[in-house]
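Colleague: Mind having a look at this structure? Questions to follow.
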Amino acid sequence: MSPFTSIPVIDIEGLARGSEAAIGQVAEQIRAACTDVGFFYIVNHGIEPAVIEAAMESSREFFHLPLEEKRKVAAGASHRGYNALGKALMDGAELPDFKEFFQVGLELPADDPDVLAGQPLRGSNLWPERPAAFRPAMSRYYDAIGEVGRVLLRGVAVSLGRPGDFFDSRYAKPLQRTQVVYYPRLTAAEGPDRFGVAPHSDFGCITLLYQDSSGGLEVQNLTGDWVAGPPLEGALVINVGDLLERWSNRHFVSTKHRVINRSGHERLSIATFFDPDYTALIDPAELWTDEAPLFEPTTAGDHIMGRIQRSFGYGAKKAEA
Ligand SMILES: O=C(O)CCC(=O)C(=O)O
Ligand SMILES: [Fe+2]
């Protein structure tokens, strides 16, 4: 397999409305991209541009507020809300990521059994008072991108030789974490190469990313070269995370990537980690049955919490720098 030099583009229209043959064609492209690259763009995903623009605009306004104001919705144990500069340290990185971010999760009622049982990552979202449009705009985006995630997983299931609804029962109350990420303009103090996000692979199954026009996302191929993942009009960037790599018995690759904001101005992106239910069993023997499994079964929640605890100390460790 030769190392990739660009990221494929897949038109997913057939997944949402197409015939079995159309779904099969998209699934074939998804399979190739997940096997060889671990990254691909999707077009014709069906999200209205106005939904994306409203989320981006109100997020930009939020990040421009004074720090004291943003800190009123600082993230704590539930991992929802605002994270200031210095709060995220990728595994193995020397410096914390040069970014701020705000995280939204699945809204569950207080009497939901998982909430009552104290399941990690569950609970209510934290919403800032200002800007007033932030909550409705982010909630709409959250729902819309979750729908794209579901459609996409249909293609992923078929690409793995499973029925299109294979993932549905594993995504009843998904650990969908949607993060707006704000990368400040780099100044001389940081230097031109400071990582907005240090090289890492994503923790979960599937990530869906919208990025503004700044550029700066780079993806590492097998020979170690960094390949640009520039913004593409109307497209989302999709990538495989470690949990899907594990579930697929390493047939799908979770590719390292990084962000350096070389644009000379601020950069904004919205990353959605579309992951299964906390208790969903991740067993390669179930998804890839014709060979010996390389990994023990685990649950989505155990895997993701383990990774989150290594990267986010919420003040308890060196990420505070
Ligand atoms: O902002 C981006 O373009 C990518 C962010 C990313 O890789 C992450 O948050 O895991
Ligand atoms: Fe990432």
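Ordering of the structure tokens sets the chain letters (A, B, ...), residue numbers begin anew at 1 in every chain, and ligands are numbered from 1 in the order given.
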Taking the chain letters and numbering used in this document, name the residues of stretch 34-155 of chain A that DSSP puts in strand (DSSP E), as a list in words.

Modeller: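 The residues of stretch 34-155 of chain A classed as strand (DSSP E) are Phe39, Phe40, Tyr41, Ile42, Val43, Gly81, Tyr82, Asn83, Glu100, Phe101, Phe102, Gln103 and Val104 of chain A.
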
Colleague: Selection from above, N, CA and C atoms, as a PDB file, in the first residue's frame, can you write it?

Modeller:
```
ATOM      1  N   PHE A  39      -9.090   8.892   7.026  1.00  0.00           N
ATOM      2  CA  PHE A  39      -9.723  10.214   6.892  1.00  0.00           C
ATOM      3  C   PHE A  39     -10.430  10.295   5.552  1.00  0.00           C
ATOM      4  N   PHE A  40     -11.534  11.009   5.484  1.00  0.00           N
ATOM      5  CA  PHE A  40     -12.152  11.360   4.205  1.00  0.00           C
ATOM      6  C   PHE A  40     -13.053  12.565   4.386  1.00  0.00           C
ATOM      7  N   TYR A  41     -13.317  13.246   3.291  1.00  0.00           N
ATOM      8  CA  TYR A  41     -14.310  14.326   3.297  1.00  0.00           C
ATOM      9  C   TYR A  41     -15.646  13.724   2.899  1.00  0.00           C
ATOM     10  N   ILE A  42     -16.737  14.285   3.439  1.00  0.00           N
ATOM     11  CA  ILE A  42     -18.045  13.949   2.885  1.00  0.00           C
ATOM     12  C   ILE A  42     -18.700  15.207   2.334  1.00  0.00           C
ATOM     13  N   VAL A  43     -19.348  15.048   1.175  1.00  0.00           N
ATOM     14  CA  VAL A  43     -20.169  16.122   0.606  1.00  0.00           C
ATOM     15  C   VAL A  43     -21.593  15.598   0.435  1.00  0.00           C
ATOM     16  N   GLY A  81     -19.153  22.242  28.820  1.00  0.00           N
ATOM     17  CA  GLY A  81     -18.877  23.638  29.055  1.00  0.00           C
ATOM     18  C   GLY A  81     -17.523  24.079  28.544  1.00  0.00           C
ATOM     19  N   TYR A  82     -17.010  25.157  29.159  1.00  0.00           N
ATOM     20  CA  TYR A  82     -15.865  25.894  28.627  1.00  0.00           C
ATOM     21  C   TYR A  82     -14.532  25.403  29.194  1.00  0.00           C
ATOM     22  N   ASN A  83     -13.563  25.269  28.323  1.00  0.00           N
ATOM     23  CA  ASN A  83     -12.197  24.925  28.702  1.00  0.00           C
ATOM     24  C   ASN A  83     -11.267  26.021  28.207  1.00  0.00           C
ATOM     25  N   GLU A 100      -8.909  27.056  22.978  1.00  0.00           N
ATOM     26  CA  GLU A 100      -9.988  27.035  23.968  1.00  0.00           C
ATOM     27  C   GLU A 100     -11.085  26.187  23.352  1.00  0.00           C
ATOM     28  N   PHE A 101     -11.927  25.569  24.170  1.00  0.00           N
ATOM     29  CA  PHE A 101     -13.052  24.868  23.550  1.00  0.00           C
ATOM     30  C   PHE A 101     -14.252  24.793  24.483  1.00  0.00           C
ATOM     31  N   PHE A 102     -15.384  24.560  23.863  1.00  0.00           N
ATOM     32  CA  PHE A 102     -16.643  24.461  24.593  1.00  0.00           C
ATOM     33  C   PHE A 102     -17.313  23.159  24.172  1.00  0.00           C
ATOM     34  N   GLN A 103     -17.688  22.351  25.154  1.00  0.00           N
ATOM     35  CA  GLN A 103     -18.228  21.021  24.826  1.00  0.00           C
ATOM     36  C   GLN A 103     -19.707  20.881  25.184  1.00  0.00           C
ATOM     37  N   VAL A 104     -20.423  20.285  24.241  1.00  0.00           N
ATOM     38  CA  VAL A 104     -21.843  19.985  24.426  1.00  0.00           C
ATOM     39  C   VAL A 104     -22.015  18.474  24.340  1.00  0.00           C
TER      40      VAL A 104
END
```

Colleague: Pick out the residues no farther than 9 Å from ligand 1, counting only C-alpha atoms and all ligand atoms, and list them as number ranges by chain.

Modeller: A: 101, 179-183, 196-203, 207, 209-212, 215-218, 229, 237, 256-260, 267-273

Colleague: Enumerate the residues of stretch 68-121 of chain A with a DSSP assignment of alpha helix (DSSP H), computed from the backbone, and present them as a list in words.

Modeller: Glu68, Glu69, Lys70, Arg71, Pro113, Asp114, Val115 and Leu116 of chain A

Colleague: For the residues in the current selection, export C-alpha atoms as an mmCIF file, in the first residue's frame.

Modeller:
```
data_model
loop_
_atom_site.group_PDB
_atom_site.id
_atom_site.type_symbol
_atom_site.label_atom_id
_atom_site.label_comp_id
_atom_site.auth_asym_id
_atom_site.auth_seq_id
_atom_site.Cartn_x
_atom_site.Cartn_y
_atom_site.Cartn_z
ATOM 1 C CA GLU A 68 -14.246 35.862 33.575
ATOM 2 C CA GLU A 69 -17.482 35.641 31.650
ATOM 3 C CA LYS A 70 -16.505 32.395 29.916
ATOM 4 C CA ARG A 71 -15.306 30.906 33.183
ATOM 5 C CA PRO A 113 -31.395 5.760 34.726
ATOM 6 C CA ASP A 114 -27.854 6.418 33.482
ATOM 7 C CA VAL A 115 -27.848 9.874 35.072
ATOM 8 C CA LEU A 116 -29.259 8.477 38.328
#
```

Colleague: Taking only C-alpha atoms and all ligand atoms into account, name the residue in A:Gly14, A:Gly38, A:Gly118, A:Pro231 that is nearest to ligand 2.

Modeller: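 Of A:Gly14, A:Gly38, A:Gly118, A:Pro231, the one nearest ligand 2, counting only C-alpha atoms and all ligand atoms, is A:Gly38.
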
Colleague: Go through A:Leu236, A:Leu126, A:Leu175, A:Met90 and flag the residue nearest ligand 2, using only C-alpha atoms and all ligand atoms for the distances.

Modeller: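 Nearest to ligand 2: A:Met90.
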
Colleague: Counting only C-alpha atoms, figure out which residue out of A:Glu296, A:Glu245, A:Asp112, A:Asp302 gets nearest to A:Thr35.

Modeller: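 Once distances to A:Thr35 are computed over only C-alpha atoms, the minimum belongs to A:Glu245.
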
Colleague: Any idea what's packed within 9 Å of A:Cys34, counting only C-alpha atoms, ignoring anything in its chain fewer than 5 positions away? Could you give it as a ChimeraX atom specification?

Modeller: /A:29,39-40,156,239-240,251-254

Colleague: Please provide the set of residues having any atom within 9 Å of A:Val51, restricted to only C-alpha atoms, with same-chain residues fewer than 5 positions apart removed, written as a list in words.

Modeller: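 Non-adjacent residues within range: Met56, Ala137, Met138, Arg140, Tyr141 and Ala144 of chain A.
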
Colleague: Which residue out of A:Ile12, A:Ala228, A:Ile206, A:Ile52 has the minimum interatomic distance to ligand 2 when only C-alpha atoms and all ligand atoms are used?

Modeller: A:Ile206

Colleague: Between A:Gly241, A:Trp288, A:Val148, A:Asp36, which has the minimum distance to ligand 2 (counting only C-alpha atoms and all ligand atoms)?

Modeller: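 Result for the nearest residue to ligand 2: A:Gly241.
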
Colleague: Out of A:Pro184, A:Gly306, A:Gly204, A:Gly149, which residue has the shortest atom-to-atom distance to ligand 2 when counting only C-alpha atoms and all ligand atoms?

Modeller: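 Between A:Pro184, A:Gly306, A:Gly204, A:Gly149, the residue approaching ligand 2 most closely is A:Gly204.
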